[in-house]
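Q: What follows is a single structure, and I will ask about it in a moment.
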Amino acid sequence: MKRRVFAGVSLSVMMMAMSAHAETVKIANIAELSGPGAAAGSVWSDGVDLAIDEINAQGGILGMQVDMSKYDTQTDPQVSRALVQKAIDEGAFALLGTVYSSSTVVNMLVAQQNGIPQFTASEAPSITQKGNPYIFRTNWGAQKGMPKIATYLKDQLGVSKVAVAWANTEFGKGGHDSFVENVKAAGLDVVADVPSEQGQADFSADVLKIKNSGAEAVFIYLTQEEAARFLMEAVKQGLDIPRIGDSVLTSEKVIDLAGPAANGAKSHAALTIAADDPLVQEFAAKFSKRFGYSPDYNGMKGYIGAYTIKYGTEMVGEVNSQKLADVVHGLCLDANTYPGVLIDMCWDDVGEVSRQSYMVEVKDGRETVSEVLPAN
Amino acid sequence: MAELLQILISGLSSGAIYALAAVGFTLLWQASQTINFAQGEFVMLPAFFVLAGMTLFGLPLWAAILTAFVLSIVILGAMFKKLVVEPMLPHGTMPLVIATIALGLLMKESVKEFYSAQGQPFPSLFPQHVMDFFGASVSVQDLCNLAVAFAAIIALQLFLQRTRTGRAMQATAQDPRVAEILGVDVKRMVMYTFLINGALAAIASILISPVYLAKFSNGETLGMIAFIAAIVGGFNQIRGALVGGLLIGVLDNLAAVYISAEYRTAIPLILLIVIIMVRPQGIMGTSEGRTV
Amino acid sequence: MTAFRILFLITFSVALLLAPIGQSNYIIYILCSWLIFSISAMGLNLTLGYAGQISLAQAAFMGIGAYVTALLTMAGVHWLVAVFCSISATFLIGLALGYPALRVQHHFLAFVTLAFNALVFLVLRNEEWLTGGSLGLVGIPRPVFGPFDTMKQLPFYYFTVVCFLVTAGAMAWMLRSPWGRAFKALRENPIRANSLGLNTTRMTLLAFAIGSSMAGLAGALQAPLVQFIEPGSFTLILSLKILLMVIVGGSGYFFGPILGAALVVLLPEMLRFTDGYYLIIYALLVLVVMIFSPQGLLGLGRKLLIAMKPRKERGDLKQGAQL
């Protein structure tokens with residue numbers, strides 16, 4: 001029954017798309033273009049734009065031009081929910097976005113009700129744990145990276161006491177919980193657990209607490225500006241223990257903001273333009289040329305998401321939301337054949353992603369890959 | 001001990017900058033009953049004048065700062081007064097409150113749209129050399145920030161008390177009608193207050209941005225802190241804003257270390273409510289009359 | 001009540017009933033959102049337009065209302081019981097917050113409510129065992145009344161319309177009662193009202209508490225509409241937005257907040273074609289309205305109306321109530 005409704009919906013969507021313009025495919029990008037999430041959302045959105053323009057220049061999807069609409073959520077989950085509804089009302093057959101997990105958690109329900117596949121940038125663990133058959137990540141969730149970080153801390157660095165500095169928002173909360181769970185399972189002690197506010201400017205108390213806790217390494221799970229402020233304060237107070245993070249900590253923007261204070265920071269990154277890979281380098285060059293700044297993981301996610309829709313749809317052979325969702329579950333894309341995904345990647349049956357990852361270290365103001373870890 | 005010392009020093013250096021924003025807030029309230037909800041954005045913007053001067057027009061740092069200073073006084077001072085405050089003043093506080101909210105949004109969105117949505121590094125005026133002070137780390141930058149902020153506020157206090165213009169400004173704040181009768185050019189005095197606020201915002205912006213980085217959304221947190229500091233210290237005294245700013249800076253760090261990092265921002269808010277209940281004129285305020 | 005007014009009310013109600021027909025789900029959702037914010041803004045109008053007090057905690061009260069309803073309905077309690085709890089809770093908290101604040105000095109309610117709003121956000125975010133923390137609560141059920149299920153967008157819209165009309169009716173009745181007239185007396189001239197034996201502090205406190213409980217009702221409607229709530233939806237920014245609705249629409253006018261809510265909810269929607277610039281244009285428009293018509297849009301309309309056809313008016317009533 002459900003299936004038939006979905007099929008009906010997608011059929012009508014298809015017909016609307018057909019009648020609007022005989023040869024276009026409608027895709028919507030719902031992103032944080034204003035409000036506190038604008039920094040992340042605009043990079044994601046630029047990544048999407050770059051991919052869509054390339055796709056159109058190469059002849060579109062199944063020979064039809066892509067008609068992409070952009071919607072600004074103002075970083076407000078309620079607005080994002082309304083806009084997903086609007087995008088679907090307007091005939092989008094697949095969705096891209098949103099970046100902030102608090103938005104994705106709510107707007108993915110609408111996409112689910114309408115049977116429209118959605119490719120999100122969010123990394124909160126809960127997103128793929130709700131049994132929603134229409135949600136797909138463009139990068140793995142925070143819960144998949146944490147075991148690797150715990151192993152790294154224990155085996156490579158040989159520490160037993162760690163501290164965690166995290167953003168007390170929906171972004172940081174999911175990552176923090178997953179980190180604490182994993183390091184405890186690995187037998188490590190969390191000796192300082194320091195949450196911070198969104199937009200917090202003064203990190204002296206945070207660094208002080210960690211410094212006096214006897215921690216042998218600190219895990220930093222903050223957004224870009226906050227991570228940079230933390231690193232600067234850590235240097236000032238002479239906190240000389242290893243500083244470990246995820247993709248954010250060693251991203252271009254943080255290095256740009258923190259300057260020399262970023263040197264020595266290490267991260268376990270999923271997507272980084274430091275990767276020694278011709279496709280990634282080519283992407284980074286195209287992106288910088290067009291937008292005038294270097295992309296980060298969010299830009300890569302947007303680019304990959306848009307290309308995934310193209311590849312999935314062309315495998316199906318028709319513009320069909322349900323079939324697209326079905327085909328991406330369990331799909332593996334090889335970057336040699338499908339260059340738009342940049343790095344080989346697979347989706348499992350709940351939309352979670354597997355991909356190789358990197359240990360990155362900042363040396364002399366540059367991200368450098370020190371180790372490539374296999375997909376898990 | 002070293003821990004407490006570190007908290008105090010870090011708190012004071014942040015607090016000094018909060019105080020600059022809070023003093024401007026108080027000044028505007030005194031001179032024209034303006035509750036400026038865009039005060040945080042006033043502190044955010046001058047940093048972008050500097051950055052735009054350097055990246056778009058290729059100015060050296062000192063020239064860019066000078067330009068930013070002039071622009072702040074003209075735009076955030078004079079134009080704000082002439083175009084926004086003046087037409088609305090006869091209609092009470094409410095429309096002006098809404099207008100400043102809209103102005104804050106306008107400034108924030110414009111910076112985001114025309115400059116960048118991402119945070120920007122900002123050149124430091126002072127060396128970042130760090131010294132050890134009885135186990136606490138103190139940077140030269142912290143000390144310089146503290147010194148500049150104090151100097152600005154003391155100079156302002158002296159100007160208001162020792163000069164003819166300053167006293168005329170005080171008279172205007174206390175009772176504009178009487179001041180007018182006594183031959184004070186009330187309109188001009190109010191304008192001076194706005195110009196001073198523009199200058200203070202520029203100083204705060206240039207001091208704070210090397211540490212806090214320049215980002216379009218920085219004003220949200222700063223405006224709130226300035227507001228709380230102004231009320232806690234006493235809405236009718238500039239030394240009240242100074243004390244309020246320093247107190248909030250220290251209290252924030254104390255709360256984060258000793259009480260709860262999750263509730264660190266609650267402590268200043270609770271203080272604010274308690275102050276209003278117990279001593280509505282603020283810590284340094286006097287219950288009667290208004291002085292600048 | 002003039003014939004013109006009755007005609008207007010009928011047209012307005014019929015328009016409300018006909019508005020969603022043939023519209024997409026998205027438009028219906030936006031209309032629901034408009035009605036809910038209208039209720040909240042009408043509550044603030046009572047505090048601001050009639051009692052002359054600035055409250056900056058309207059979003060916090062909406063949040064309390066939304067969380068109470070969400071937690072109760074998710075535990076299986078019927079929405080009707082939950083909404084009663086939301087309204088009572090916000091009313092009582094309003095009393096407890098307003099009493100000490102109003103005792104002090106008049107503009108201090110604004111400061112206390114501002115701090116209160118920020119505190120409510122912190123509690124909602126930090127007390128994870130109760131509120132779900134920063135990840136919020138997902139999957140709030142929509143109410144079912146016998147055979148009438150509001151799960152679909154259109155029935156939910158009519159459900160919201162009923163709640164809106166009942167609230168608006170109750171408010172109109174309240175303002176016409178002797179008690180409401182006392183409010184107007186308070187607004188026009190507090191000193192005179194006081195000397196006539198009105199307990200102005202108590203009146204103001206009640207206005208604030210009732211205004212807050214209307215936000216509680218709005219929250220109780222918003223939770224099932226969005227089916228998701230999180231602390232970040234009820235920050236000071238939303239309080240300022242609701243204040244904007246009241247002032248831009250015209251505070252002290254019955255229809256002011258309804259018009260204001262329409263503008264704040266729908267205008268960004270209409271300006272969306274301008275791409276990245278719409279918030280800039282929006283902010284500019286608000287500035288222009290405030291500069292040229294500090295009484296809000298209804299105030300501007302009235303000014304134009306009076307300018308076009310000069311009416312005979314008794315001079316001593318010029319300042320009178322204009323509900």
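Ligands are numbered from 1 in the order shown, residues from 1 within each chain, and chains are lettered A, B, ... in the order they appear in the structure tokens.
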Please find the residues of chain B near chain A - the criterion being any atom within 9 Å, counting only C-alpha atoms - and write them as a PDB file with N, CA, C and O atoms, in the first residue's frame.
A:
```
ATOM      1  N   GLU B   3      45.515  29.002  39.629  1.00  0.00           N
ATOM      2  CA  GLU B   3      44.284  28.827  38.862  1.00  0.00           C
ATOM      3  C   GLU B   3      43.383  30.048  39.016  1.00  0.00           C
ATOM      4  O   GLU B   3      42.904  30.621  38.048  1.00  0.00           O
ATOM      5  N   GLN B   6      44.751  33.009  37.248  1.00  0.00           N
ATOM      6  CA  GLN B   6      44.532  32.908  35.801  1.00  0.00           C
ATOM      7  C   GLN B   6      43.098  33.327  35.450  1.00  0.00           C
ATOM      8  O   GLN B   6      42.862  34.066  34.498  1.00  0.00           O
ATOM      9  N   ILE B   7      42.148  32.851  36.243  1.00  0.00           N
ATOM     10  CA  ILE B   7      40.742  33.190  35.995  1.00  0.00           C
ATOM     11  C   ILE B   7      40.545  34.698  36.087  1.00  0.00           C
ATOM     12  O   ILE B   7      39.904  35.314  35.233  1.00  0.00           O
ATOM     13  N   SER B  10      42.345  36.522  33.037  1.00  0.00           N
ATOM     14  CA  SER B  10      41.621  36.318  31.778  1.00  0.00           C
ATOM     15  C   SER B  10      40.271  37.022  31.823  1.00  0.00           C
ATOM     16  O   SER B  10      39.840  37.646  30.858  1.00  0.00           O
ATOM     17  N   GLY B  11      39.609  36.909  32.969  1.00  0.00           N
ATOM     18  CA  GLY B  11      38.289  37.519  33.114  1.00  0.00           C
ATOM     19  C   GLY B  11      38.353  39.028  32.983  1.00  0.00           C
ATOM     20  O   GLY B  11      37.508  39.637  32.332  1.00  0.00           O
ATOM     21  N   SER B  14      38.888  40.132  29.262  1.00  0.00           N
ATOM     22  CA  SER B  14      37.638  40.088  28.481  1.00  0.00           C
ATOM     23  C   SER B  14      36.686  41.154  28.994  1.00  0.00           C
ATOM     24  O   SER B  14      36.016  41.844  28.227  1.00  0.00           O
ATOM     25  N   GLU B 109      23.477  40.885   8.239  1.00  0.00           N
ATOM     26  CA  GLU B 109      23.233  40.260   6.944  1.00  0.00           C
ATOM     27  C   GLU B 109      24.085  40.906   5.855  1.00  0.00           C
ATOM     28  O   GLU B 109      24.513  40.236   4.931  1.00  0.00           O
ATOM     29  N   LYS B 112      27.555  39.565   6.041  1.00  0.00           N
ATOM     30  CA  LYS B 112      27.566  38.191   5.562  1.00  0.00           C
ATOM     31  C   LYS B 112      27.481  38.147   4.040  1.00  0.00           C
ATOM     32  O   LYS B 112      28.200  37.412   3.386  1.00  0.00           O
ATOM     33  N   SER B 116      31.762  38.146   4.004  1.00  0.00           N
ATOM     34  CA  SER B 116      31.903  36.693   4.066  1.00  0.00           C
ATOM     35  C   SER B 116      31.046  36.122   5.181  1.00  0.00           C
ATOM     36  O   SER B 116      30.834  36.771   6.204  1.00  0.00           O
ATOM     37  N   ALA B 117      30.563  34.907   4.968  1.00  0.00           N
ATOM     38  CA  ALA B 117      29.796  34.231   6.003  1.00  0.00           C
ATOM     39  C   ALA B 117      30.725  33.582   7.010  1.00  0.00           C
ATOM     40  O   ALA B 117      30.309  33.178   8.078  1.00  0.00           O
ATOM     41  N   GLN B 118      32.002  33.466   6.658  1.00  0.00           N
ATOM     42  CA  GLN B 118      32.926  32.759   7.528  1.00  0.00           C
ATOM     43  C   GLN B 118      33.739  33.703   8.383  1.00  0.00           C
ATOM     44  O   GLN B 118      33.928  34.864   8.034  1.00  0.00           O
ATOM     45  N   GLY B 119      34.204  33.194   9.517  1.00  0.00           N
ATOM     46  CA  GLY B 119      35.043  33.988  10.394  1.00  0.00           C
ATOM     47  C   GLY B 119      36.335  34.391   9.686  1.00  0.00           C
ATOM     48  O   GLY B 119      36.795  33.701   8.779  1.00  0.00           O
ATOM     49  N   GLN B 120      36.897  35.520  10.065  1.00  0.00           N
ATOM     50  CA  GLN B 120      38.110  36.022   9.434  1.00  0.00           C
ATOM     51  C   GLN B 120      39.178  36.262  10.495  1.00  0.00           C
ATOM     52  O   GLN B 120      38.871  36.771  11.564  1.00  0.00           O
ATOM     53  N   PRO B 121      40.438  35.910  10.185  1.00  0.00           N
ATOM     54  CA  PRO B 121      41.507  36.273  11.125  1.00  0.00           C
ATOM     55  C   PRO B 121      41.695  37.788  11.110  1.00  0.00           C
ATOM     56  O   PRO B 121      41.415  38.441  10.095  1.00  0.00           O
ATOM     57  N   PHE B 122      42.156  38.331  12.212  1.00  0.00           N
ATOM     58  CA  PHE B 122      42.288  39.784  12.303  1.00  0.00           C
ATOM     59  C   PHE B 122      43.672  40.106  12.860  1.00  0.00           C
ATOM     60  O   PHE B 122      44.094  39.509  13.844  1.00  0.00           O
ATOM     61  N   GLN B 128      52.068  39.127  20.802  1.00  0.00           N
ATOM     62  CA  GLN B 128      51.338  38.099  21.520  1.00  0.00           C
ATOM     63  C   GLN B 128      52.216  37.353  22.508  1.00  0.00           C
ATOM     64  O   GLN B 128      51.865  36.279  22.975  1.00  0.00           O
ATOM     65  N   HIS B 129      53.330  37.937  22.834  1.00  0.00           N
ATOM     66  CA  HIS B 129      54.273  37.335  23.763  1.00  0.00           C
ATOM     67  C   HIS B 129      53.576  37.003  25.091  1.00  0.00           C
ATOM     68  O   HIS B 129      52.818  37.802  25.613  1.00  0.00           O
ATOM     69  N   VAL B 130      53.839  35.794  25.600  1.00  0.00           N
ATOM     70  CA  VAL B 130      53.170  35.379  26.836  1.00  0.00           C
ATOM     71  C   VAL B 130      54.165  35.372  27.995  1.00  0.00           C
ATOM     72  O   VAL B 130      55.284  34.894  27.850  1.00  0.00           O
ATOM     73  N   ALA B 136      50.411  31.994  36.382  1.00  0.00           N
ATOM     74  CA  ALA B 136      49.343  32.268  35.422  1.00  0.00           C
ATOM     75  C   ALA B 136      49.953  32.819  34.142  1.00  0.00           C
ATOM     76  O   ALA B 136      50.964  33.511  34.185  1.00  0.00           O
ATOM     77  N   SER B 137      49.349  32.486  32.999  1.00  0.00           N
ATOM     78  CA  SER B 137      49.877  33.007  31.735  1.00  0.00           C
ATOM     79  C   SER B 137      49.197  34.328  31.399  1.00  0.00           C
ATOM     80  O   SER B 137      47.967  34.405  31.373  1.00  0.00           O
ATOM     81  N   VAL B 138      50.004  35.319  31.139  1.00  0.00           N
ATOM     82  CA  VAL B 138      49.464  36.621  30.757  1.00  0.00           C
ATOM     83  C   VAL B 138      50.108  37.032  29.447  1.00  0.00           C
ATOM     84  O   VAL B 138      51.328  36.999  29.332  1.00  0.00           O
ATOM     85  N   SER B 139      49.297  37.400  28.465  1.00  0.00           N
ATOM     86  CA  SER B 139      49.906  37.848  27.219  1.00  0.00           C
ATOM     87  C   SER B 139      49.984  39.358  27.219  1.00  0.00           C
ATOM     88  O   SER B 139      49.188  40.035  27.876  1.00  0.00           O
ATOM     89  N   VAL B 211      41.544  38.364  19.067  1.00  0.00           N
ATOM     90  CA  VAL B 211      41.315  37.203  19.928  1.00  0.00           C
ATOM     91  C   VAL B 211      40.044  36.471  19.530  1.00  0.00           C
ATOM     92  O   VAL B 211      39.991  35.251  19.446  1.00  0.00           O
ATOM     93  N   TYR B 212      38.976  37.240  19.289  1.00  0.00           N
ATOM     94  CA  TYR B 212      37.672  36.612  19.045  1.00  0.00           C
ATOM     95  C   TYR B 212      37.412  36.359  17.570  1.00  0.00           C
ATOM     96  O   TYR B 212      36.409  35.773  17.220  1.00  0.00           O
ATOM     97  N   LEU B 213      38.278  36.835  16.687  1.00  0.00           N
ATOM     98  CA  LEU B 213      38.130  36.707  15.237  1.00  0.00           C
ATOM     99  C   LEU B 213      36.932  37.539  14.768  1.00  0.00           C
ATOM    100  O   LEU B 213      36.057  37.855  15.553  1.00  0.00           O
ATOM    101  N   LYS B 215      33.601  37.908  12.822  1.00  0.00           N
ATOM    102  CA  LYS B 215      32.553  37.136  12.165  1.00  0.00           C
ATOM    103  C   LYS B 215      31.245  37.902  12.239  1.00  0.00           C
ATOM    104  O   LYS B 215      30.990  38.585  13.228  1.00  0.00           O
ATOM    105  N   SER B 217      28.327  37.135  12.941  1.00  0.00           N
ATOM    106  CA  SER B 217      27.386  36.854  14.019  1.00  0.00           C
ATOM    107  C   SER B 217      27.942  37.155  15.406  1.00  0.00           C
ATOM    108  O   SER B 217      27.280  36.898  16.399  1.00  0.00           O
ATOM    109  N   ASN B 218      29.163  37.737  15.475  1.00  0.00           N
ATOM    110  CA  ASN B 218      29.763  38.000  16.782  1.00  0.00           C
ATOM    111  C   ASN B 218      28.928  38.908  17.676  1.00  0.00           C
ATOM    112  O   ASN B 218      29.007  38.848  18.887  1.00  0.00           O
ATOM    113  N   GLU B 220      25.839  38.993  18.381  1.00  0.00           N
ATOM    114  CA  GLU B 220      24.747  38.419  19.171  1.00  0.00           C
ATOM    115  C   GLU B 220      25.164  38.220  20.625  1.00  0.00           C
ATOM    116  O   GLU B 220      24.469  38.659  21.546  1.00  0.00           O
ATOM    117  N   THR B 221      26.294  37.545  20.823  1.00  0.00           N
ATOM    118  CA  THR B 221      26.760  37.288  22.181  1.00  0.00           C
ATOM    119  C   THR B 221      27.196  38.587  22.857  1.00  0.00           C
ATOM    120  O   THR B 221      26.829  38.854  24.001  1.00  0.00           O
ATOM    121  N   LEU B 222      27.962  39.399  22.118  1.00  0.00           N
ATOM    122  CA  LEU B 222      28.509  40.620  22.694  1.00  0.00           C
ATOM    123  C   LEU B 222      27.440  41.599  23.137  1.00  0.00           C
ATOM    124  O   LEU B 222      27.536  42.200  24.202  1.00  0.00           O
ATOM    125  N   GLY B 249      32.915  39.607  33.127  1.00  0.00           N
ATOM    126  CA  GLY B 249      34.053  38.891  32.554  1.00  0.00           C
ATOM    127  C   GLY B 249      34.631  37.881  33.535  1.00  0.00           C
ATOM    128  O   GLY B 249      34.888  36.726  33.192  1.00  0.00           O
ATOM    129  N   ASP B 252      31.949  35.032  34.589  1.00  0.00           N
ATOM    130  CA  ASP B 252      31.756  34.035  33.545  1.00  0.00           C
ATOM    131  C   ASP B 252      32.810  32.934  33.654  1.00  0.00           C
ATOM    132  O   ASP B 252      32.501  31.747  33.635  1.00  0.00           O
ATOM    133  N   ASN B 253      34.075  33.350  33.843  1.00  0.00           N
ATOM    134  CA  ASN B 253      35.157  32.372  33.968  1.00  0.00           C
ATOM    135  C   ASN B 253      35.083  31.591  35.271  1.00  0.00           C
ATOM    136  O   ASN B 253      35.331  30.395  35.304  1.00  0.00           O
ATOM    137  N   LEU B 254      34.752  32.300  36.359  1.00  0.00           N
ATOM    138  CA  LEU B 254      34.616  31.627  37.649  1.00  0.00           C
ATOM    139  C   LEU B 254      33.537  30.549  37.573  1.00  0.00           C
ATOM    140  O   LEU B 254      33.734  29.418  38.015  1.00  0.00           O
ATOM    141  N   ALA B 255      32.407  30.923  37.001  1.00  0.00           N
ATOM    142  CA  ALA B 255      31.281  29.998  36.915  1.00  0.00           C
ATOM    143  C   ALA B 255      31.659  28.777  36.086  1.00  0.00           C
ATOM    144  O   ALA B 255      31.359  27.643  36.454  1.00  0.00           O
ATOM    145  N   ALA B 256      32.377  29.019  34.982  1.00  0.00           N
ATOM    146  CA  ALA B 256      32.726  27.904  34.097  1.00  0.00           C
ATOM    147  C   ALA B 256      33.664  26.925  34.802  1.00  0.00           C
ATOM    148  O   ALA B 256      33.581  25.725  34.603  1.00  0.00           O
ATOM    149  N   VAL B 257      34.570  27.439  35.637  1.00  0.00           N
ATOM    150  CA  VAL B 257      35.528  26.546  36.288  1.00  0.00           C
ATOM    151  C   VAL B 257      34.931  25.909  37.544  1.00  0.00           C
ATOM    152  O   VAL B 257      35.059  24.715  37.758  1.00  0.00           O
ATOM    153  N   ALA B 261      29.972  24.367  33.647  1.00  0.00           N
ATOM    154  CA  ALA B 261      30.204  24.946  32.328  1.00  0.00           C
ATOM    155  C   ALA B 261      28.890  25.042  31.552  1.00  0.00           C
ATOM    156  O   ALA B 261      28.694  25.935  30.746  1.00  0.00           O
ATOM    157  N   GLU B 262      27.982  24.124  31.834  1.00  0.00           N
ATOM    158  CA  GLU B 262      26.708  24.137  31.109  1.00  0.00           C
ATOM    159  C   GLU B 262      25.860  25.338  31.484  1.00  0.00           C
ATOM    160  O   GLU B 262      25.062  25.818  30.702  1.00  0.00           O
ATOM    161  N   ARG B 264      27.198  28.245  32.659  1.00  0.00           N
ATOM    162  CA  ARG B 264      28.044  29.412  32.880  1.00  0.00           C
ATOM    163  C   ARG B 264      27.344  30.722  32.505  1.00  0.00           C
ATOM    164  O   ARG B 264      27.502  31.722  33.185  1.00  0.00           O
ATOM    165  N   THR B 265      26.553  30.706  31.448  1.00  0.00           N
ATOM    166  CA  THR B 265      25.903  31.964  31.059  1.00  0.00           C
ATOM    167  C   THR B 265      24.702  32.276  31.940  1.00  0.00           C
ATOM    168  O   THR B 265      24.145  33.363  31.870  1.00  0.00           O
TER     169      THR B 265
END
```
Q: Write out as a PyMOL selection string all residues of stretch 138-189 of chain A that DSSP puts in alpha helix (DSSP H) for this structure's backbone.
A: chain A and resi 142-151+170-185
Q: Pull the closest atom pair for each residue of chain C that gets at most 6 Å from chain B, along with the distance in Å to one decimal, counting only C-alpha atoms, ordering rows by chain and then ascending residue number, as CSV.
A:
```
residue,atom,partner,partner_atom,distance
C:Val112,CA,B:Ile273,CA,5.8
C:Ala115,CA,B:Leu269,CA,5.3
C:Ile280,CA,B:Leu106,CA,5.3
C:Ala283,CA,B:Ala102,CA,4.9
C:Leu287,CA,B:Ala99,CA,5.3
C:Met290,CA,B:Pro95,CA,5.9
C:Ile291,CA,B:Met88,CA,5.9
C:Pro294,CA,B:Pro95,CA,5.4
```
Q: Would you kindly report the residues of chain A within 9 Å of chain C, using only C-alpha atoms, as a short mmCIF file (atom, residue, chain, number, x, y, z; two decimals) with C-alpha atoms, in the first residue's frame?
A:
```
data_model
loop_
_atom_site.label_atom_id
_atom_site.label_comp_id
_atom_site.auth_asym_id
_atom_site.auth_seq_id
_atom_site.Cartn_x
_atom_site.Cartn_y
_atom_site.Cartn_z
CA LEU A 33 22.26 30.25 3.95
CA SER A 34 21.66 32.68 6.82
CA LYS A 70 17.80 26.73 -3.50
CA TYR A 71 15.97 27.30 -0.21
CA ASP A 72 17.33 29.16 2.81
CA ASP A 76 15.79 27.32 11.83
CA PRO A 77 14.57 23.70 12.00
CA GLN A 78 10.94 24.77 11.71
CA ARG A 81 10.65 21.60 7.70
CA ALA A 82 8.33 23.99 5.88
CA LEU A 83 10.82 24.40 3.05
CA VAL A 84 11.25 20.67 2.51
CA GLN A 85 7.48 20.56 2.17
CA LYS A 86 7.63 23.45 -0.27
CA ALA A 87 10.40 21.88 -2.34
CA ILE A 88 8.37 18.69 -2.61
CA ASP A 89 5.20 20.64 -3.46
CA GLU A 90 7.15 22.33 -6.21
CA SER A 101 21.51 17.97 12.37
CA SER A 102 18.78 19.70 14.38
CA VAL A 105 16.23 15.39 12.20
CA VAL A 106 12.92 17.18 11.69
CA LEU A 109 10.31 13.25 8.44
CA ASN A 168 27.05 22.25 23.62
CA THR A 169 24.76 22.27 20.59
CA GLU A 170 23.08 19.53 18.61
CA PHE A 171 26.26 19.32 16.54
CA LYS A 173 26.26 16.79 21.62
CA GLY A 174 26.02 13.78 19.30
#
```
Q: Output as a ChimeraX atom specification all residues of stretch 142-310 of chain C that backbone DSSP marks as strand (DSSP E or B).
A: /C:144-145,148-149,228-229
Q: Those residues with N, CA, C and O atoms, as a PDB file, in the first residue's frame please?
A:
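Saved the output as out-v5.pdb:
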```pdb
ATOM      1  N   VAL C 144      -6.369  13.975  18.135  1.00  0.00           N
ATOM      2  CA  VAL C 144      -7.497  13.327  17.471  1.00  0.00           C
ATOM      3  C   VAL C 144      -8.735  13.615  18.310  1.00  0.00           C
ATOM      4  O   VAL C 144      -8.726  13.407  19.524  1.00  0.00           O
ATOM      5  N   PHE C 145      -9.780  14.165  17.678  1.00  0.00           N
ATOM      6  CA  PHE C 145     -11.031  14.419  18.395  1.00  0.00           C
ATOM      7  C   PHE C 145     -12.102  13.511  17.819  1.00  0.00           C
ATOM      8  O   PHE C 145     -12.740  13.857  16.833  1.00  0.00           O
ATOM      9  N   PHE C 148     -12.458  13.126  14.073  1.00  0.00           N
ATOM     10  CA  PHE C 148     -11.716  14.201  13.422  1.00  0.00           C
ATOM     11  C   PHE C 148     -10.229  14.081  13.760  1.00  0.00           C
ATOM     12  O   PHE C 148      -9.794  14.387  14.865  1.00  0.00           O
ATOM     13  N   ASP C 149      -9.453  13.596  12.787  1.00  0.00           N
ATOM     14  CA  ASP C 149      -8.025  13.395  12.995  1.00  0.00           C
ATOM     15  C   ASP C 149      -7.260  14.541  12.339  1.00  0.00           C
ATOM     16  O   ASP C 149      -7.462  14.826  11.159  1.00  0.00           O
ATOM     17  N   PHE C 228       8.063  18.563  16.239  1.00  0.00           N
ATOM     18  CA  PHE C 228       9.444  18.533  16.719  1.00  0.00           C
ATOM     19  C   PHE C 228       9.683  19.840  17.459  1.00  0.00           C
ATOM     20  O   PHE C 228       9.297  20.900  16.981  1.00  0.00           O
ATOM     21  N   ILE C 229      10.272  19.763  18.639  1.00  0.00           N
ATOM     22  CA  ILE C 229      10.670  21.007  19.295  1.00  0.00           C
ATOM     23  C   ILE C 229      12.082  20.862  19.825  1.00  0.00           C
ATOM     24  O   ILE C 229      12.520  19.776  20.175  1.00  0.00           O
TER      25      ILE C 229
END
```
Q: When you look at C:Lys241 with a cut-off of 10 Å (counting only C-alpha atoms), what residues show up, excluding the ones that are within fewer than 3 positions of it in the same chain? I need them as a ChimeraX atom specification.
A: /B:98,101-102 /C:37,41,56,58-59,236-238,244-247,260-261,264-265
Q: Show me, as number ranges by chain, the residues that have an atom within 12 Å of B:Phe235 when counting only C-alpha atoms, minus same-chain residues fewer than 2 positions from it.
A: B: 22-31, 33-35, 226-233, 237-244, 272, 275-276, 279-292; C: 107-108, 111
Q: Need the shell around B:Ile203: protein/DNA/RNA residues with any atom at most 10 Å away, counting only C-alpha atoms. Skip same-chain ones fewer than 3 positions apart. Format as a ChimeraX atom specification?
A: /B:17,20-21,43,46-47,65,68-69,72,145,148-149,152,197-200,206-208
Q: If you count only C-alpha atoms, which residues fall within 12 Å of C:Met214, apart from same-chain ones fewer than 5 positions away, as a PyMOL selection string?
A: chain C and resi 36-47+58-66+83-84+86-91+94+163-164+166-168+170-171+207-209+219-221
Q: Just to confirm, what's the straight-line distance from atom CA of A:Asp334 to atom CA of A:Phe136 in Å (one decimal)?
A: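 It comes out at 17.4 Å.
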Q: One decimal, Å: what's the distance from atom CA of A:Lys144 over to atom CA of A:Lys184, could you say?
A: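 Interatomic distance, atom CA of A:Lys144 to atom CA of A:Lys184: 15.5 Å.
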Q: To one decimal place, how far is atom CA of B:Lys81 from atom CA of C:Leu285 in Å?
A: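 Here the two named atoms are 18.4 Å from each other.
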Q: With a distance cut-off of 9 Å and only C-alpha atoms, select the neighbouring residues of A:Thr104, excluding the residue or stretch itself and same-chain residues fewer than 3 positions from it, and output the selection as a ChimeraX atom specification.
A: /A:77,80-81,97-101,107-109,120-122,127
